[in-house]
>>> print(open('run06.csv').read())   # CSV, C-alpha atoms
chain,number,residue,atom,x,y,z
D,1,MET,CA,2.0,-42.3,-17.1
D,2,ILE,CA,-0.2,-40.2,-19.4
D,3,PHE,CA,2.6,-39.2,-21.8
D,4,TYR,CA,3.0,-41.9,-24.3
D,5,SER,CA,4.5,-42.0,-27.8
D,6,ASN,CA,2.3,-41.8,-30.8
D,7,SER,CA,4.0,-43.0,-34.0
D,8,LYS,CA,1.5,-41.3,-36.2
D,9,THR,CA,2.7,-37.9,-35.1
D,10,GLY,CA,6.3,-38.5,-34.7
D,11,GLY,CA,6.4,-38.7,-30.9
D,12,GLY,CA,9.1,-37.1,-28.9
D,13,LYS,CA,9.1,-33.8,-30.7
D,14,ALA,CA,7.2,-30.7,-29.7
D,15,ASP,CA,4.2,-30.6,-32.0
D,16,MET,CA,1.7,-27.6,-32.1
D,17,LEU,CA,-1.0,-29.4,-34.1
D,18,GLY,CA,-3.3,-29.8,-31.1
D,19,THR,CA,-3.0,-26.2,-30.1
D,20,PHE,CA,-3.6,-25.0,-33.7
D,21,VAL,CA,-6.8,-27.1,-33.9
D,22,ASN,CA,-7.9,-25.7,-30.5
D,23,VAL,CA,-7.4,-22.1,-31.7
D,24,ALA,CA,-9.3,-22.9,-34.9
D,25,ALA,CA,-12.2,-24.3,-32.9
D,26,ILE,CA,-12.4,-21.2,-30.7
D,27,VAL,CA,-12.3,-18.9,-33.7
D,28,GLY,CA,-15.0,-20.9,-35.6
D,29,GLY,CA,-17.2,-21.2,-32.5
D,30,SER,CA,-16.9,-17.5,-31.7
D,31,LEU,CA,-17.8,-16.5,-35.3
D,32,LEU,CA,-20.9,-18.8,-35.1
D,33,GLY,CA,-21.8,-17.3,-31.7
D,34,LEU,CA,-21.5,-13.7,-33.0
D,35,LEU,CA,-23.7,-14.6,-36.0
D,36,PHE,CA,-26.4,-16.3,-34.0
D,37,GLY,CA,-26.2,-14.0,-31.0
D,38,LYS,CA,-27.4,-10.9,-32.8
D,39,GLY,CA,-30.8,-9.7,-31.7
D,40,ILE,CA,-30.9,-11.8,-28.5
D,41,PRO,CA,-32.5,-9.7,-25.7
D,42,GLU,CA,-30.2,-8.7,-22.8
D,43,ARG,CA,-32.3,-10.5,-20.2
D,44,TYR,CA,-31.7,-13.7,-22.0
D,45,ASN,CA,-28.0,-13.1,-22.2
D,46,ARG,CA,-27.9,-12.4,-18.5
D,47,THR,CA,-29.7,-15.6,-17.6
D,48,VAL,CA,-27.6,-17.7,-20.0
D,49,MET,CA,-24.4,-16.2,-18.4
D,50,GLN,CA,-25.6,-17.2,-15.0
D,51,GLY,CA,-26.2,-20.7,-16.2
D,52,LEU,CA,-22.7,-20.8,-17.8
D,53,ALA,CA,-21.2,-19.5,-14.5
D,54,LEU,CA,-22.8,-22.4,-12.6
D,55,ALA,CA,-21.4,-24.9,-15.2
D,56,VAL,CA,-18.0,-23.4,-14.9
D,57,MET,CA,-18.1,-23.6,-11.1
D,58,LEU,CA,-19.1,-27.3,-11.3
D,59,VAL,CA,-16.2,-28.1,-13.7
D,60,GLY,CA,-13.8,-26.2,-11.4
D,61,LEU,CA,-15.1,-27.9,-8.3
D,62,LYS,CA,-14.7,-31.4,-9.8
D,63,GLY,CA,-11.1,-30.6,-10.8
D,64,ALA,CA,-10.2,-29.3,-7.4
D,65,LEU,CA,-11.7,-32.2,-5.5
D,66,ALA,CA,-9.6,-34.7,-7.6
D,67,CYS,CA,-6.5,-33.6,-5.6
D,68,ASP,CA,-6.0,-34.7,-1.9
D,69,ALA,CA,-2.8,-32.7,-1.3
D,70,ILE,CA,-4.4,-29.8,0.5
D,71,LEU,CA,-1.2,-28.4,1.8
D,72,ILE,CA,0.3,-28.3,-1.6
D,73,ILE,CA,-2.8,-26.6,-3.0
D,74,ILE,CA,-2.7,-24.0,-0.2
D,75,GLY,CA,1.0,-23.4,-0.6
D,76,SER,CA,0.8,-23.1,-4.4
D,77,LEU,CA,-2.1,-20.6,-4.2
D,78,VAL,CA,-0.2,-18.4,-1.6
D,79,LEU,CA,3.1,-18.4,-3.3
D,80,GLY,CA,1.7,-18.3,-6.9
D,81,THR,CA,-0.6,-15.3,-6.0
D,82,LEU,CA,2.4,-13.4,-4.4
D,83,ILE,CA,4.3,-13.9,-7.6
D,84,GLY,CA,1.3,-12.9,-9.7
D,85,GLU,CA,0.7,-9.8,-7.6
D,86,TRP,CA,4.3,-8.8,-7.9
D,87,VAL,CA,4.3,-9.2,-11.7
D,88,GLY,CA,0.9,-7.6,-12.0
D,89,ILE,CA,-0.5,-10.2,-14.4
D,90,GLU,CA,-4.1,-9.2,-14.0
D,91,GLY,CA,-3.4,-5.6,-14.8
D,92,LYS,CA,-1.4,-6.6,-17.9
D,93,LEU,CA,-4.3,-8.8,-19.1
D,94,ASP,CA,-6.7,-5.9,-18.5
D,95,ALA,CA,-4.4,-3.5,-20.3
D,96,LEU,CA,-4.1,-5.9,-23.3
D,97,GLY,CA,-7.9,-6.4,-23.4
D,98,GLY,CA,-8.4,-2.6,-23.4
D,99,LEU,CA,-5.8,-2.2,-26.2
D,100,LEU,CA,-7.5,-4.9,-28.3
D,101,GLU,CA,-10.9,-3.3,-27.6
D,102,LYS,CA,-9.7,0.1,-28.8
D,103,ARG,CA,-8.3,-1.5,-31.9
D,104,PHE,CA,-11.2,-3.7,-32.8
D,105,SER,CA,-14.3,-2.3,-31.2
D,106,ARG,CA,-16.7,-0.1,-33.2
D,107,ASN,CA,-18.3,1.5,-30.2
D,108,GLY,CA,-15.2,3.2,-28.9
D,109,GLY,CA,-14.6,0.7,-26.1
D,110,ASP,CA,-17.1,0.3,-23.2
D,111,GLY,CA,-15.1,-2.5,-21.5
D,112,ARG,CA,-17.4,-5.3,-22.6
D,113,MET,CA,-14.9,-6.7,-25.2
D,114,ALA,CA,-12.0,-6.5,-22.8
D,115,ARG,CA,-13.9,-8.3,-20.1
D,116,ALA,CA,-15.0,-11.0,-22.5
D,117,PHE,CA,-11.4,-11.4,-23.7
D,118,VAL,CA,-9.9,-11.8,-20.2
D,119,THR,CA,-12.7,-14.0,-18.9
D,120,THR,CA,-12.7,-16.5,-21.7
D,121,SER,CA,-8.9,-16.5,-22.1
D,122,LEU,CA,-8.8,-17.7,-18.5
D,123,ILE,CA,-11.5,-20.2,-19.0
D,124,PHE,CA,-9.8,-21.7,-22.0
D,125,CYS,CA,-6.3,-21.7,-20.5
D,126,VAL,CA,-6.8,-22.6,-16.9
D,127,GLY,CA,-7.6,-26.2,-16.4
D,128,SER,CA,-6.2,-29.7,-16.5
D,129,MET,CA,-7.0,-30.3,-20.2
D,130,ALA,CA,-5.0,-27.3,-21.3
D,131,ILE,CA,-2.0,-28.2,-19.2
D,132,VAL,CA,-2.1,-32.0,-19.7
D,133,GLY,CA,-3.0,-31.7,-23.4
D,134,ALA,CA,-0.2,-29.3,-24.2
D,135,LEU,CA,2.3,-31.4,-22.3
D,136,GLU,CA,1.2,-34.5,-24.2
D,137,SER,CA,1.6,-32.7,-27.5
D,138,GLY,CA,5.1,-31.5,-26.5
D,139,LEU,CA,6.4,-34.8,-25.1
D,140,SER,CA,4.9,-37.5,-27.2
D,141,GLY,CA,3.1,-35.8,-30.2
D,142,ASN,CA,-0.2,-37.1,-28.8
D,143,HIS,CA,-3.0,-34.6,-29.5
D,144,GLU,CA,-6.1,-36.6,-28.3
D,145,THR,CA,-6.6,-34.5,-25.2
D,146,LEU,CA,-6.3,-31.2,-27.1
D,147,PHE,CA,-8.6,-32.5,-29.8
D,148,ALA,CA,-11.2,-33.3,-27.1
D,149,LYS,CA,-10.7,-29.8,-25.5
D,150,SER,CA,-11.1,-28.2,-29.0
D,151,ALA,CA,-14.6,-29.7,-29.3
D,152,LEU,CA,-15.5,-28.5,-25.8
D,153,ASP,CA,-14.0,-25.0,-26.4
D,154,GLY,CA,-15.7,-24.7,-29.8
D,155,VAL,CA,-19.1,-25.3,-28.3
D,156,ALA,CA,-18.4,-23.0,-25.3
D,157,ALA,CA,-17.1,-20.3,-27.7
D,158,VAL,CA,-20.4,-20.3,-29.5
D,159,ILE,CA,-22.3,-19.7,-26.3
D,160,PHE,CA,-19.9,-17.2,-24.8
D,161,ALA,CA,-19.6,-15.2,-28.0
D,162,ALA,CA,-23.4,-15.0,-28.3
D,163,SER,CA,-23.7,-13.7,-24.8
D,164,MET,CA,-20.4,-11.7,-24.3
D,165,GLY,CA,-19.5,-10.5,-27.8
D,166,ALA,CA,-16.4,-10.4,-30.0
D,167,GLY,CA,-13.9,-10.4,-27.1
D,168,VAL,CA,-14.3,-14.2,-27.0
D,169,LEU,CA,-12.8,-14.4,-30.5
D,170,LEU,CA,-9.6,-12.6,-29.3
D,171,SER,CA,-9.1,-15.2,-26.6
D,172,ALA,CA,-7.8,-17.6,-29.3
D,173,PHE,CA,-4.6,-15.7,-29.3
D,174,ALA,CA,-4.2,-16.2,-25.6
D,175,VAL,CA,-4.7,-20.0,-26.1
D,176,LEU,CA,-2.1,-20.0,-28.9
D,177,ILE,CA,0.5,-18.4,-26.7
D,178,TYR,CA,-0.3,-20.2,-23.5
D,179,GLN,CA,-0.7,-23.8,-24.7
D,180,GLY,CA,1.9,-23.3,-27.4
D,181,GLY,CA,4.4,-22.2,-24.8
D,182,ILE,CA,3.7,-25.2,-22.6
D,183,THR,CA,4.1,-27.5,-25.6
D,184,LEU,CA,7.4,-26.0,-26.6
D,185,LEU,CA,8.8,-26.1,-23.1
D,186,ALA,CA,7.5,-29.5,-22.1
D,187,GLU,CA,10.7,-31.4,-22.7
D,188,LEU,CA,12.5,-29.2,-20.2
D,189,VAL,CA,10.1,-30.2,-17.4
D,190,ARG,CA,9.8,-33.8,-18.3
D,191,PRO,CA,11.7,-35.1,-15.2
D,192,PHE,CA,9.2,-33.4,-12.9
D,193,LEU,CA,6.0,-34.6,-14.6
D,194,VAL,CA,5.1,-37.4,-12.3
D,195,PRO,CA,1.4,-38.2,-11.8
D,196,GLU,CA,1.1,-36.5,-8.4
D,197,VAL,CA,2.5,-33.3,-9.8
D,198,ILE,CA,0.0,-33.3,-12.7
D,199,THR,CA,-2.9,-34.0,-10.2
D,200,GLU,CA,-1.7,-31.1,-8.0
D,201,MET,CA,-1.5,-28.7,-11.0
D,202,SER,CA,-5.0,-29.8,-12.1
D,203,GLY,CA,-6.3,-29.3,-8.6
D,204,VAL,CA,-5.0,-25.7,-8.4
D,205,GLY,CA,-6.4,-25.1,-11.9
D,206,GLY,CA,-9.8,-26.4,-10.8
D,207,LEU,CA,-9.9,-23.9,-8.0
D,208,LEU,CA,-9.1,-21.1,-10.4
D,209,ILE,CA,-11.9,-22.2,-12.7
D,210,LEU,CA,-14.2,-22.2,-9.7
D,211,ALA,CA,-13.1,-18.6,-9.1
D,212,ILE,CA,-13.9,-17.7,-12.7
D,213,GLY,CA,-17.5,-18.9,-12.1
D,214,ILE,CA,-17.7,-16.8,-9.0
D,215,ASN,CA,-16.6,-13.8,-11.1
D,216,LEU,CA,-19.1,-14.5,-13.8
D,217,MET,CA,-21.9,-14.7,-11.2
D,218,ASP,CA,-20.8,-11.2,-9.8
D,219,ILE,CA,-20.5,-12.7,-6.4
D,220,ALA,CA,-17.1,-11.2,-5.9
D,221,ARG,CA,-14.2,-9.8,-8.0
D,222,ILE,CA,-11.3,-12.2,-7.7
D,223,ARG,CA,-8.1,-11.3,-9.5
D,224,ILE,CA,-7.6,-14.7,-11.0
D,225,GLY,CA,-5.0,-13.5,-13.4
D,226,ASN,CA,-2.6,-12.8,-10.5
D,227,MET,CA,-3.2,-16.4,-9.3
D,228,LEU,CA,-2.1,-18.0,-12.6
D,229,PRO,CA,1.5,-18.8,-11.4
D,230,ALA,CA,0.0,-21.0,-8.7
D,231,ILE,CA,-0.7,-23.7,-11.3
D,232,PHE,CA,3.0,-24.3,-11.9
D,233,ILE,CA,4.1,-24.1,-8.2
D,234,PRO,CA,3.7,-27.9,-7.7
D,235,LEU,CA,6.5,-28.3,-10.2
D,236,LEU,CA,8.8,-26.2,-8.0
D,237,PHE,CA,7.7,-28.1,-4.9
D,238,TYR,CA,8.5,-31.4,-6.5
D,239,GLY,CA,11.9,-30.1,-7.7
D,240,PHE,CA,12.8,-29.1,-4.2
D,241,ARG,CA,11.8,-32.5,-2.9
D,242,MET,CA,14.0,-34.1,-5.5
D,243,LEU,CA,17.0,-32.0,-4.5
D,244,PHE,CA,16.5,-32.2,-0.7
>>> encode(input="run06.csv", output="structure tokens")
Amino acid sequence: MIFYSNSKTGGGKADMLGTFVNVAAIVGGSLLGLLFGKGIPERYNRTVMQGLALAVMLVGLKGALACDAILIIIGSLVLGTLIGEWVGIEGKLDALGGLLEKRFSRNGGDGRMARAFVTTSLIFCVGSMAIVGALESGLSGNHETLFAKSALDGVAAVIFAASMGAGVLLSAFAVLIYQGGITLLAELVRPFLVPEVITEMSGVGGLLILAIGINLMDIARIRIGNMLPAIFIPLLFYGFRMLF
């Protein structure tokens, strides 16, 4: 089992240290990216974004292929998307991005900051390291996964901020709420966190990361925000199997 006790951090209690470090890494990386990204011609930014999109798609594909429970993946995507469409998660994320852009953008809001906020928030939040790392922090006080994710996110934030702008910086708030929420609620779902459930959640997350890459490449416009509940549907499936 991946969730083990770490005596150095007082295992067994929800501990937000890993998430705080992750947020700091994103903020620091974003500031560096904004500093070094000034003056880069648009054609370079466009090519770099295409390269990043390919890398994101590769990460997502590897995560999705790690899970063999295809029916669970399909069922999770269908049910999770129905829930997300009903709630209107994508619209709420876009509205929040627009609100933040009006508040912080100097150019009056052209949609660039909002898009950067939504896109990078999804990239930093959707994936096995965010889920597993936050659960480890909440269940055992072990932050190693989130520390590793912090290093990766910090580097990615530099590149994304240089190409997409200040909206990347604002995604740190989304990470704080998302990962922090999982950490604080981890103890409640402990009985359901068997290895196959974690693998299935990671598989769904991998597909969503692949979809993010498709959006970045402008191949299609997938409403990934409305698919976010799908990541947690394997928990429900496992709960029903335990009951029946």
>>> residues_around(input="run06.csv", residues="region 126-137 of chain D", least_positions_apart="4", cutoff="8 Å", atoms="only C-alpha atoms", output="PDB file with C-alpha atoms, in the coordinates of the input")
ATOM      1  CA  ILE D   2      -0.200 -40.200 -19.400  1.00  0.00           C
ATOM      2  CA  PHE D   3       2.600 -39.200 -21.800  1.00  0.00           C
ATOM      3  CA  TYR D   4       3.000 -41.900 -24.300  1.00  0.00           C
ATOM      4  CA  ALA D  14       7.200 -30.700 -29.700  1.00  0.00           C
ATOM      5  CA  ASP D  15       4.200 -30.600 -32.000  1.00  0.00           C
ATOM      6  CA  MET D  16       1.700 -27.600 -32.100  1.00  0.00           C
ATOM      7  CA  LEU D  17      -1.000 -29.400 -34.100  1.00  0.00           C
ATOM      8  CA  GLY D  18      -3.300 -29.800 -31.100  1.00  0.00           C
ATOM      9  CA  THR D  19      -3.000 -26.200 -30.100  1.00  0.00           C
ATOM     10  CA  GLY D  60     -13.800 -26.200 -11.400  1.00  0.00           C
ATOM     11  CA  GLY D  63     -11.100 -30.600 -10.800  1.00  0.00           C
ATOM     12  CA  LEU D 122      -8.800 -17.700 -18.500  1.00  0.00           C
ATOM     13  CA  GLY D 141       3.100 -35.800 -30.200  1.00  0.00           C
ATOM     14  CA  ASN D 142      -0.200 -37.100 -28.800  1.00  0.00           C
ATOM     15  CA  HIS D 143      -3.000 -34.600 -29.500  1.00  0.00           C
ATOM     16  CA  GLU D 144      -6.100 -36.600 -28.300  1.00  0.00           C
ATOM     17  CA  THR D 145      -6.600 -34.500 -25.200  1.00  0.00           C
ATOM     18  CA  LEU D 146      -6.300 -31.200 -27.100  1.00  0.00           C
ATOM     19  CA  LYS D 149     -10.700 -29.800 -25.500  1.00  0.00           C
ATOM     20  CA  GLN D 179      -0.700 -23.800 -24.700  1.00  0.00           C
ATOM     21  CA  GLY D 180       1.900 -23.300 -27.400  1.00  0.00           C
ATOM     22  CA  ILE D 182       3.700 -25.200 -22.600  1.00  0.00           C
ATOM     23  CA  THR D 183       4.100 -27.500 -25.600  1.00  0.00           C
ATOM     24  CA  ALA D 186       7.500 -29.500 -22.100  1.00  0.00           C
ATOM     25  CA  ILE D 198       0.000 -33.300 -12.700  1.00  0.00           C
ATOM     26  CA  MET D 201      -1.500 -28.700 -11.000  1.00  0.00           C
ATOM     27  CA  SER D 202      -5.000 -29.800 -12.100  1.00  0.00           C
ATOM     28  CA  GLY D 203      -6.300 -29.300  -8.600  1.00  0.00           C
ATOM     29  CA  GLY D 205      -6.400 -25.100 -11.900  1.00  0.00           C
ATOM     30  CA  GLY D 206      -9.800 -26.400 -10.800  1.00  0.00           C
ATOM     31  CA  LEU D 208      -9.100 -21.100 -10.400  1.00  0.00           C
ATOM     32  CA  ILE D 209     -11.900 -22.200 -12.700  1.00  0.00           C
ATOM     33  CA  LEU D 228      -2.100 -18.000 -12.600  1.00  0.00           C
TER      34      LEU D 228
END
>>> residues_around(input="run06.csv", residues="Arg190 (chain D)", least_positions_apart="2", cutoff="10 Å", atoms="all atoms listed in the file", output="PDB file with C-alpha atoms, keeping the file's coordinate frame")
ATOM      1  CA  PHE D   3       2.600 -39.200 -21.800  1.00  0.00           C
ATOM      2  CA  LEU D 135       2.300 -31.400 -22.300  1.00  0.00           C
ATOM      3  CA  GLY D 138       5.100 -31.500 -26.500  1.00  0.00           C
ATOM      4  CA  LEU D 139       6.400 -34.800 -25.100  1.00  0.00           C
ATOM      5  CA  LEU D 185       8.800 -26.100 -23.100  1.00  0.00           C
ATOM      6  CA  ALA D 186       7.500 -29.500 -22.100  1.00  0.00           C
ATOM      7  CA  GLU D 187      10.700 -31.400 -22.700  1.00  0.00           C
ATOM      8  CA  LEU D 188      12.500 -29.200 -20.200  1.00  0.00           C
ATOM      9  CA  PHE D 192       9.200 -33.400 -12.900  1.00  0.00           C
ATOM     10  CA  LEU D 193       6.000 -34.600 -14.600  1.00  0.00           C
ATOM     11  CA  VAL D 194       5.100 -37.400 -12.300  1.00  0.00           C
TER      12      VAL D 194
END
>>> atom_distance(input="run06.csv", atom1="CA of Gly88 (chain D)", atom2="CA of Ile72 (chain D)")
23.2 Å
>>> residues_near_point(input="run06.csv", point="(-10.2, -15.6, -25.6)", cutoff="10 Å", atoms="all atoms listed in the file", output="PyMOL selection string")
chain D and resi 23+26-27+30+97+114-125+157+160-161+166-176
>>> closest_residue(input="run06.csv", among="D:Phe237, D:Thr47, D:Leu184, D:Gly37", to="Ser140 (chain D)", atoms="all atoms listed in the file")
D:Leu184
>>> residues_around(input="run06.csv", residues="Asp218 (chain D)", least_positions_apart="5", cutoff="10 Å", atoms="all atoms listed in the file", output="PyMOL selection string")
chain D and resi 50+53+212-213
>>> atom_distance(input="run06.csv", atom1="CA of Ser76 (chain D)", atom2="CA of Ile233 (chain D)")
5.1 Å
>>> atom_distance(input="run06.csv", atom1="CA of Gly80 (chain D)", atom2="CA of Gly154 (chain D)")
29.5 Å
>>> residues_near_point(input="run06.csv", point="(-24.6, -21.7, -12.8)", cutoff="12 Å", atoms="all atoms listed in the file", output="CSV table (one decimal) with C-alpha atoms, in the frame of the given file")
chain,number,residue,atom,x,y,z
D,46,ARG,CA,-27.9,-12.4,-18.5
D,47,THR,CA,-29.7,-15.6,-17.6
D,48,VAL,CA,-27.6,-17.7,-20.0
D,49,MET,CA,-24.4,-16.2,-18.4
D,50,GLN,CA,-25.6,-17.2,-15.0
D,51,GLY,CA,-26.2,-20.7,-16.2
D,52,LEU,CA,-22.7,-20.8,-17.8
D,53,ALA,CA,-21.2,-19.5,-14.5
D,54,LEU,CA,-22.8,-22.4,-12.6
D,55,ALA,CA,-21.4,-24.9,-15.2
D,56,VAL,CA,-18.0,-23.4,-14.9
D,57,MET,CA,-18.1,-23.6,-11.1
D,58,LEU,CA,-19.1,-27.3,-11.3
D,59,VAL,CA,-16.2,-28.1,-13.7
D,60,GLY,CA,-13.8,-26.2,-11.4
D,210,LEU,CA,-14.2,-22.2,-9.7
D,212,ILE,CA,-13.9,-17.7,-12.7
D,213,GLY,CA,-17.5,-18.9,-12.1
D,214,ILE,CA,-17.7,-16.8,-9.0
D,215,ASN,CA,-16.6,-13.8,-11.1
D,216,LEU,CA,-19.1,-14.5,-13.8
D,217,MET,CA,-21.9,-14.7,-11.2
D,218,ASP,CA,-20.8,-11.2,-9.8
D,219,ILE,CA,-20.5,-12.7,-6.4
>>> closest_residue(input="run06.csv", among="D:Met164, D:Ala211, D:Met227, D:Ile222", to="Tyr44 (chain D)", atoms="all atoms listed in the file")
D:Met164
